[in-house]
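To start, the structure itself, in structure tokens.
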Amino acid sequence: MRLKDNYYFNAFFWNTIQKILNAIVGFISVPLLLTSFGVENYGVLSLATACNGYMHLLDLGMNTGAVRYYSIWISEKNQDLINRVARTNVSFYGVIAIINIILLLFIAFFGETWFSTTHDQFLQLRSCLFIISFFCLLNWETTTYSQLLIANKQLAYTAKMQTLLSLFKLVLIGVVFYFHLSLSAYFFLFQLLLSSLIFPYAIKCIRSGYVDSVKPAFYWTDFKVVFTFSLSIFALSLFQMTATQSRPIILALFSQAGPTINTEFKIIEVVPQLIIMIGGTFSSIFLPKTSEMVIKADQAEIEHFAYKWTRITTAIVCALCFPFILCSREVISAYVGSQYSYLAVWLVVWCVTVLIQMHTTPGNALVLAYGKTKTLVIVTALVCILSIFINALLSKRFGVGSAVISYFIYVVCIIGLYYLHFYKSLLRLNRWKMIKSFLFPVLIAVCVALFVRSIPLTRDILPMLNNRIAYVVLCVIKTLIWMVPYLLLLTIFKQIDWKQIRR
């Protein structure tokens with residue numbers, strides 16, 4: 001099979017390109033927009049975006065639930081059911097959009113005393129909330145067609161469209177500077193860009209026959225099965241988000257230096273977020289495939305997928321994590337200065353946590369495809385509470401490290417559930433093979449890392465460095481010295497078969 005026809009490769013490649021480009025756009029746009037609008041006005045823009053960001057909880061897990069059921073029905077060739085549910089989904093997101101608009105308008109008219117803003121700043125915030133409200137319906141309805149495209153394995157197409165969108169964002173920033181646009185004008189054009197995705201998505205779905213019409217429908221009985229499953233995903237996501245997002249809040253409440261410790265948290269958070277952003281692509285890629293496997297009840301195919309992609313996913317996540325593990329001090333020193341290099345140990349622990357967490361992405365996709373999430377929701381809720389308690393308990397002794405330690409414990413407990421329960425009882429997998437699929441690429445990565453650490457050049461040159469460029473150069477050198485033998489050994493020990501990946 002030609003490489004360009006490969007679903008996994010295309011989806012991961014284009015999603016990685018899109019996420020990296022989006023990160024670059026964000027990195028470039030922040031200082032430029034700060035210069036153009038000023039700190040206060042840019043803060044208003046961020047506040048408006050944050051207010052709307054919380055509204056995404058209104059999705060109620062439908063993003064995962066719809067993709068799962070569409071994938072199953074595609075495998076069963078039940079296009080009539082897809083049409084009914086997809087068009088009802090249009091109605092569902094219309095209702096969600098109306099609720100979203102009402103909440104935003106409520107904040108716009110009655111929320112002035114809620115925020116630490118001047119009257120003029122709140123008027124600017126109100127203007128931004130009006131703009132978001134205006135585009136709310138289009139933004140929510142885009143989700144319907146995005147779900148259909150992902151279920152039909154068109155993830156590469158959605159990533160290409162989002163890549164194009166990121167390029168237009170860069171153009172918009174140039175327009176802001178050239179024409180000296182106001183904050184409201186910029187925000188209106190920015191929201192217009194975001195909402196424009198609905199047109200290529202909907203046209204692609206209609207032309208490809210993924211849905212027969214864009215008209216809303218009201219087949220609530222058919223829709224109910226998707227909605228019920230999605231609520232369990234919503235509960236799971238809520239606890240996962242709480243375990244993740246509560247960490248800086250707990251640090252601020254229980255540590256002795258709230259603002260300082262949260263600054264430290266933000267510094268070491270950047271790298272793990274980048275790794276999760278890139279590696280998280282696998283979740284969207286795997287779910288349509290695993291849903292097909294489960295509906296076919298092909299145990300041999302399920303086992304082949306689980307062992308193969310756990311190994312490949314682990315190898316890729318190692319390639320993302322180990323350069324930062326090796327260069328933790330240099331990365332932090334280059335990013336914010338050597339005075340923060342004491343945070344390197346916590347960055348290493350966090351990267352290890354991400355590695356442990358993400359290697360189960362194929363197994364997680366299979367669990368979601370089966371729809372057996374009750375045990376996972378209960379355990380996630382309990383472990384979420386435990387992690388919050390540990391973070392609070394250790395914050396005075398370990399500072400920012402308490403957030404890292406508590407999250408490590410949270411991840412290990414959840415991963416333990418997969419190995420102790422899901423892999424054997426639900427998926428009927430050989431747990432020892434799953435462990436080997438994870439450990440072998442990691443052991444290779446660790447051995448090469450120890451070799452790199454033993455090289456005098458990378459160990460002794462550090463005290464001689466006195467500027468950030470030198471730190472960056474050293475990071476590049478160490479990464480290349482590690483990456484080349486790592487990829488070579490993966491190939492020699494047949495952990496990565498490049499021809500097999502194309503199948």
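Identifiers in this document derive from the order of the structure tokens: chains are assigned A, B, ..., residues are numbered from 1 separately in each chain, and ligands are numbered from 1 in order of occurrence.
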
Could you give me, as CSV, every segment 49-110 of chain A residue with an atom at most 12 Å from segment 294-303 of chain A, plus its closest atom pair and distance in Å to one decimal, counting only C-alpha atoms, rows ordered by chain then number?
```
residue,atom,partner,partner_atom,distance
A:Arg68,CA,A:Val294,CA,10.6
A:Tyr69,CA,A:Ile295,CA,10.3
A:Tyr70,CA,A:Ile295,CA,11.8
A:Ser71,CA,A:Ile295,CA,9.4
A:Ile72,CA,A:Ile295,CA,6.4
A:Trp73,CA,A:Ile295,CA,9.1
A:Ile74,CA,A:Ile295,CA,10.4
A:Ser75,CA,A:Ile295,CA,7.6
A:Glu76,CA,A:Ile295,CA,8.1
A:Lys77,CA,A:Ile295,CA,11.8
```

Create the file for the chosen residues now, containing C-alpha atoms and written as a short mmCIF file (atom, residue, chain, number, x, y, z; two decimals), in the first residue's frame.
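Wrote selection.cif, looks like this:
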```cif
data_model
loop_
_atom_site.label_atom_id
_atom_site.label_comp_id
_atom_site.auth_asym_id
_atom_site.auth_seq_id
_atom_site.Cartn_x
_atom_site.Cartn_y
_atom_site.Cartn_z
CA ARG A 68 -17.99 5.77 18.29
CA TYR A 69 -21.53 5.13 17.11
CA TYR A 70 -21.02 6.59 13.63
CA SER A 71 -18.02 4.26 13.23
CA ILE A 72 -20.07 1.26 14.31
CA TRP A 73 -22.93 2.12 11.97
CA ILE A 74 -20.55 2.75 9.08
CA SER A 75 -19.14 -0.76 9.66
CA GLU A 76 -22.71 -2.11 9.66
CA LYS A 77 -23.54 -0.04 6.54
#
```

Might you pull out every residue within 9 Å of Val348 of chain A, with only C-alpha atoms counted and same-chain residues fewer than 5 positions away left off, and present them as a PDB file with N, CA and C atoms, in the first residue's frame?
```pdb
ATOM      1  N   CYS A 321       9.364  12.337  24.548  1.00  0.00           N
ATOM      2  CA  CYS A 321       9.657  12.611  25.958  1.00  0.00           C
ATOM      3  C   CYS A 321      11.151  12.635  26.285  1.00  0.00           C
ATOM      4  N   PHE A 322      11.905  11.673  25.759  1.00  0.00           N
ATOM      5  CA  PHE A 322      13.285  11.511  26.217  1.00  0.00           C
ATOM      6  C   PHE A 322      14.218  12.677  25.881  1.00  0.00           C
ATOM      7  N   PHE A 324      13.496  15.739  26.191  1.00  0.00           N
ATOM      8  CA  PHE A 324      13.265  16.687  27.283  1.00  0.00           C
ATOM      9  C   PHE A 324      13.742  16.120  28.625  1.00  0.00           C
ATOM     10  N   ILE A 325      13.677  14.785  28.771  1.00  0.00           N
ATOM     11  CA  ILE A 325      14.224  14.164  29.980  1.00  0.00           C
ATOM     12  C   ILE A 325      15.733  14.344  30.022  1.00  0.00           C
ATOM     13  N   LEU A 326      16.376  14.130  28.897  1.00  0.00           N
ATOM     14  CA  LEU A 326      17.831  14.290  28.806  1.00  0.00           C
ATOM     15  C   LEU A 326      18.259  15.741  28.992  1.00  0.00           C
ATOM     16  N   SER A 328      16.513  18.382  30.408  1.00  0.00           N
ATOM     17  CA  SER A 328      15.576  19.131  31.253  1.00  0.00           C
ATOM     18  C   SER A 328      16.175  20.442  31.772  1.00  0.00           C
ATOM     19  N   LEU A 343      14.023  23.311  38.763  1.00  0.00           N
ATOM     20  CA  LEU A 343      12.758  22.670  38.412  1.00  0.00           C
ATOM     21  C   LEU A 343      12.949  21.479  37.478  1.00  0.00           C
ATOM     22  N   THR A 353       5.666  10.663  33.598  1.00  0.00           N
ATOM     23  CA  THR A 353       4.236  10.474  33.828  1.00  0.00           C
ATOM     24  C   THR A 353       3.461  10.479  32.514  1.00  0.00           C
TER      25      THR A 353
END
```

Might you pull out every residue within 10 Å of Lys289 of chain A, with only C-alpha atoms counted and same-chain residues fewer than 2 positions away left off, and present them as a list in words?
->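 Final neighbour list, sorted by chain and number: Tyr7, Tyr8, Arg68, Ser71, Ile72, Ser75, Ala151, Asn152, Lys153, Ser284, Ile285, Phe286, Leu287, Ser291, Glu292, Met293, Val294, Ile302, Phe305, Ala365, Leu366 and Ala369 of chain A.
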
Selection export as a PDB file, in the first residue's frame, atoms kept: N, CA and C atoms:
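Saved file part32.pdb follows:
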```pdb
ATOM      1  N   TYR A   7      -3.955   5.265   6.391  1.00  0.00           N
ATOM      2  CA  TYR A   7      -4.788   6.064   7.295  1.00  0.00           C
ATOM      3  C   TYR A   7      -3.995   6.551   8.504  1.00  0.00           C
ATOM      4  N   TYR A   8      -3.309   5.633   9.184  1.00  0.00           N
ATOM      5  CA  TYR A   8      -2.595   5.995  10.403  1.00  0.00           C
ATOM      6  C   TYR A   8      -1.520   7.055  10.134  1.00  0.00           C
ATOM      7  N   ARG A  68     -17.918   7.220  18.034  1.00  0.00           N
ATOM      8  CA  ARG A  68     -17.995   5.772  18.287  1.00  0.00           C
ATOM      9  C   ARG A  68     -19.176   5.150  17.546  1.00  0.00           C
ATOM     10  N   SER A  71     -18.973   5.268  13.714  1.00  0.00           N
ATOM     11  CA  SER A  71     -18.016   4.263  13.231  1.00  0.00           C
ATOM     12  C   SER A  71     -18.641   2.877  13.204  1.00  0.00           C
ATOM     13  N   ILE A  72     -19.398   2.557  14.256  1.00  0.00           N
ATOM     14  CA  ILE A  72     -20.069   1.258  14.314  1.00  0.00           C
ATOM     15  C   ILE A  72     -21.090   1.134  13.185  1.00  0.00           C
ATOM     16  N   SER A  75     -19.557   0.634   9.818  1.00  0.00           N
ATOM     17  CA  SER A  75     -19.141  -0.757   9.657  1.00  0.00           C
ATOM     18  C   SER A  75     -20.334  -1.653   9.334  1.00  0.00           C
ATOM     19  N   ALA A 151     -15.251   9.885  11.964  1.00  0.00           N
ATOM     20  CA  ALA A 151     -15.778   8.522  11.922  1.00  0.00           C
ATOM     21  C   ALA A 151     -15.540   7.864  10.573  1.00  0.00           C
ATOM     22  N   ASN A 152     -15.529   8.669   9.508  1.00  0.00           N
ATOM     23  CA  ASN A 152     -15.264   8.165   8.160  1.00  0.00           C
ATOM     24  C   ASN A 152     -13.782   8.201   7.807  1.00  0.00           C
ATOM     25  N   LYS A 153     -12.947   8.314   8.838  1.00  0.00           N
ATOM     26  CA  LYS A 153     -11.481   8.259   8.689  1.00  0.00           C
ATOM     27  C   LYS A 153     -10.943   9.383   7.802  1.00  0.00           C
ATOM     28  N   SER A 284      -7.981  10.240  18.570  1.00  0.00           N
ATOM     29  CA  SER A 284      -8.930  10.458  17.474  1.00  0.00           C
ATOM     30  C   SER A 284      -8.688   9.490  16.323  1.00  0.00           C
ATOM     31  N   ILE A 285      -7.434   9.116  16.109  1.00  0.00           N
ATOM     32  CA  ILE A 285      -7.106   8.202  15.013  1.00  0.00           C
ATOM     33  C   ILE A 285      -7.623   6.800  15.294  1.00  0.00           C
ATOM     34  N   PHE A 286      -7.463   6.340  16.546  1.00  0.00           N
ATOM     35  CA  PHE A 286      -7.755   4.949  16.871  1.00  0.00           C
ATOM     36  C   PHE A 286      -9.242   4.637  17.007  1.00  0.00           C
ATOM     37  N   LEU A 287     -10.036   5.574  17.528  1.00  0.00           N
ATOM     38  CA  LEU A 287     -11.416   5.259  17.887  1.00  0.00           C
ATOM     39  C   LEU A 287     -12.256   4.741  16.712  1.00  0.00           C
ATOM     40  N   SER A 291     -13.647   0.844  16.925  1.00  0.00           N
ATOM     41  CA  SER A 291     -15.098   0.641  16.913  1.00  0.00           C
ATOM     42  C   SER A 291     -15.482  -0.403  15.862  1.00  0.00           C
ATOM     43  N   GLU A 292     -14.824  -0.373  14.721  1.00  0.00           N
ATOM     44  CA  GLU A 292     -15.054  -1.374  13.677  1.00  0.00           C
ATOM     45  C   GLU A 292     -14.652  -2.770  14.158  1.00  0.00           C
ATOM     46  N   MET A 293     -13.483  -2.853  14.805  1.00  0.00           N
ATOM     47  CA  MET A 293     -12.998  -4.145  15.285  1.00  0.00           C
ATOM     48  C   MET A 293     -13.955  -4.766  16.293  1.00  0.00           C
ATOM     49  N   VAL A 294     -14.452  -3.938  17.205  1.00  0.00           N
ATOM     50  CA  VAL A 294     -15.339  -4.440  18.256  1.00  0.00           C
ATOM     51  C   VAL A 294     -16.656  -4.932  17.673  1.00  0.00           C
ATOM     52  N   ILE A 302      -8.163  -7.531  17.120  1.00  0.00           N
ATOM     53  CA  ILE A 302      -8.059  -6.695  18.317  1.00  0.00           C
ATOM     54  C   ILE A 302      -6.706  -6.904  18.998  1.00  0.00           C
ATOM     55  N   PHE A 305      -3.884  -5.370  16.889  1.00  0.00           N
ATOM     56  CA  PHE A 305      -3.909  -3.911  17.040  1.00  0.00           C
ATOM     57  C   PHE A 305      -3.331  -3.495  18.384  1.00  0.00           C
ATOM     58  N   ALA A 365      -8.659   3.338  23.587  1.00  0.00           N
ATOM     59  CA  ALA A 365      -9.554   3.393  22.425  1.00  0.00           C
ATOM     60  C   ALA A 365     -10.408   2.127  22.329  1.00  0.00           C
ATOM     61  N   LEU A 366      -9.829   0.981  22.668  1.00  0.00           N
ATOM     62  CA  LEU A 366     -10.590  -0.272  22.657  1.00  0.00           C
ATOM     63  C   LEU A 366     -11.651  -0.289  23.758  1.00  0.00           C
ATOM     64  N   ALA A 369     -14.422   1.847  22.677  1.00  0.00           N
ATOM     65  CA  ALA A 369     -15.169   1.190  21.596  1.00  0.00           C
ATOM     66  C   ALA A 369     -16.151   0.161  22.155  1.00  0.00           C
TER      67      ALA A 369
END
```

Find the distance between atom CA of Cys384 of chain A and atom CA of Tyr407 of chain A and write it in Å to one decimal.
->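 Interatomic distance here is 8.9 Å.
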
Quick one: everything within 9 Å of Leu167 of chain A, counting only C-alpha atoms, minus sequence neighbours fewer than 3 positions away in the same chain. Send it as a ChimeraX atom specification.
-> /A:21-22,25,162-164,170-172

Selection near Ile332 of chain A, 10 Å with only C-alpha atoms, sequence-local residues under 6 positions removed, as a list in words = Ile267, Ile268, Val271, Phe324, Ser338, Gln339, Tyr340, Ser341, Tyr342, Leu343, Ala344, Leu347, Arg468 and Tyr471 of chain A

Go ahead and save the picked residues with C-alpha atoms, as a short mmCIF file (atom, residue, chain, number, x, y, z; two decimals), in the first residue's frame.
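Produced file selection26.cif, reproduced below:
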```
data_model
loop_
_atom_site.label_atom_id
_atom_site.label_comp_id
_atom_site.auth_asym_id
_atom_site.auth_seq_id
_atom_site.Cartn_x
_atom_site.Cartn_y
_atom_site.Cartn_z
CA ILE A 267 7.09 26.96 33.48
CA ILE A 268 7.27 23.17 33.67
CA VAL A 271 6.67 20.79 27.70
CA PHE A 324 13.27 16.69 27.28
CA SER A 338 19.18 29.15 34.62
CA GLN A 339 17.79 30.50 37.92
CA TYR A 340 14.87 28.09 37.40
CA SER A 341 17.03 25.05 36.61
CA TYR A 342 16.11 23.55 40.00
CA LEU A 343 12.76 22.67 38.41
CA ALA A 344 14.45 20.19 36.05
CA LEU A 347 10.04 18.29 34.53
CA ARG A 468 20.32 30.73 26.05
CA TYR A 471 21.65 25.87 25.84
#
```

Residues of segment 184-394 of chain A in alpha helix (DSSP H) according to DSSP, as a ChimeraX atom specification?
-> /A:184-195,198-207,220-254,258-279,281-296,299-326,328-336,344-358,361-370,374-394

Would you kindly return, as a count of residues only, each protein, DNA or RNA residue with an atom no farther than 12 Å from any atom of Gly111 of chain A, considering only C-alpha atoms and excluding same-chain residues fewer than 3 positions away?
-> 18

Using only C-alpha atoms, pick whichever of A:Ser387, A:Ser133, A:Thr310, A:Thr221 has the shortest atom-to-atom distance to Gln357 of chain A.
->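 Looking only at the distances to Gln357 of chain A, the closest residue turns out to be A:Thr310.
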
Which of these, A:Ser425, A:Gln495, A:Ser406, A:Ser395, has the shortest distance to Leu253 of chain A once you count only C-alpha atoms?
->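 Under the stated criterion, the closest residue is A:Ser395.
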
Using atom CA of Ser29 of chain A and atom CA of Gln191 of chain A as the two end points, give the distance in Å to one decimal.
->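 That distance, rounded to one decimal, is 15.4 Å.
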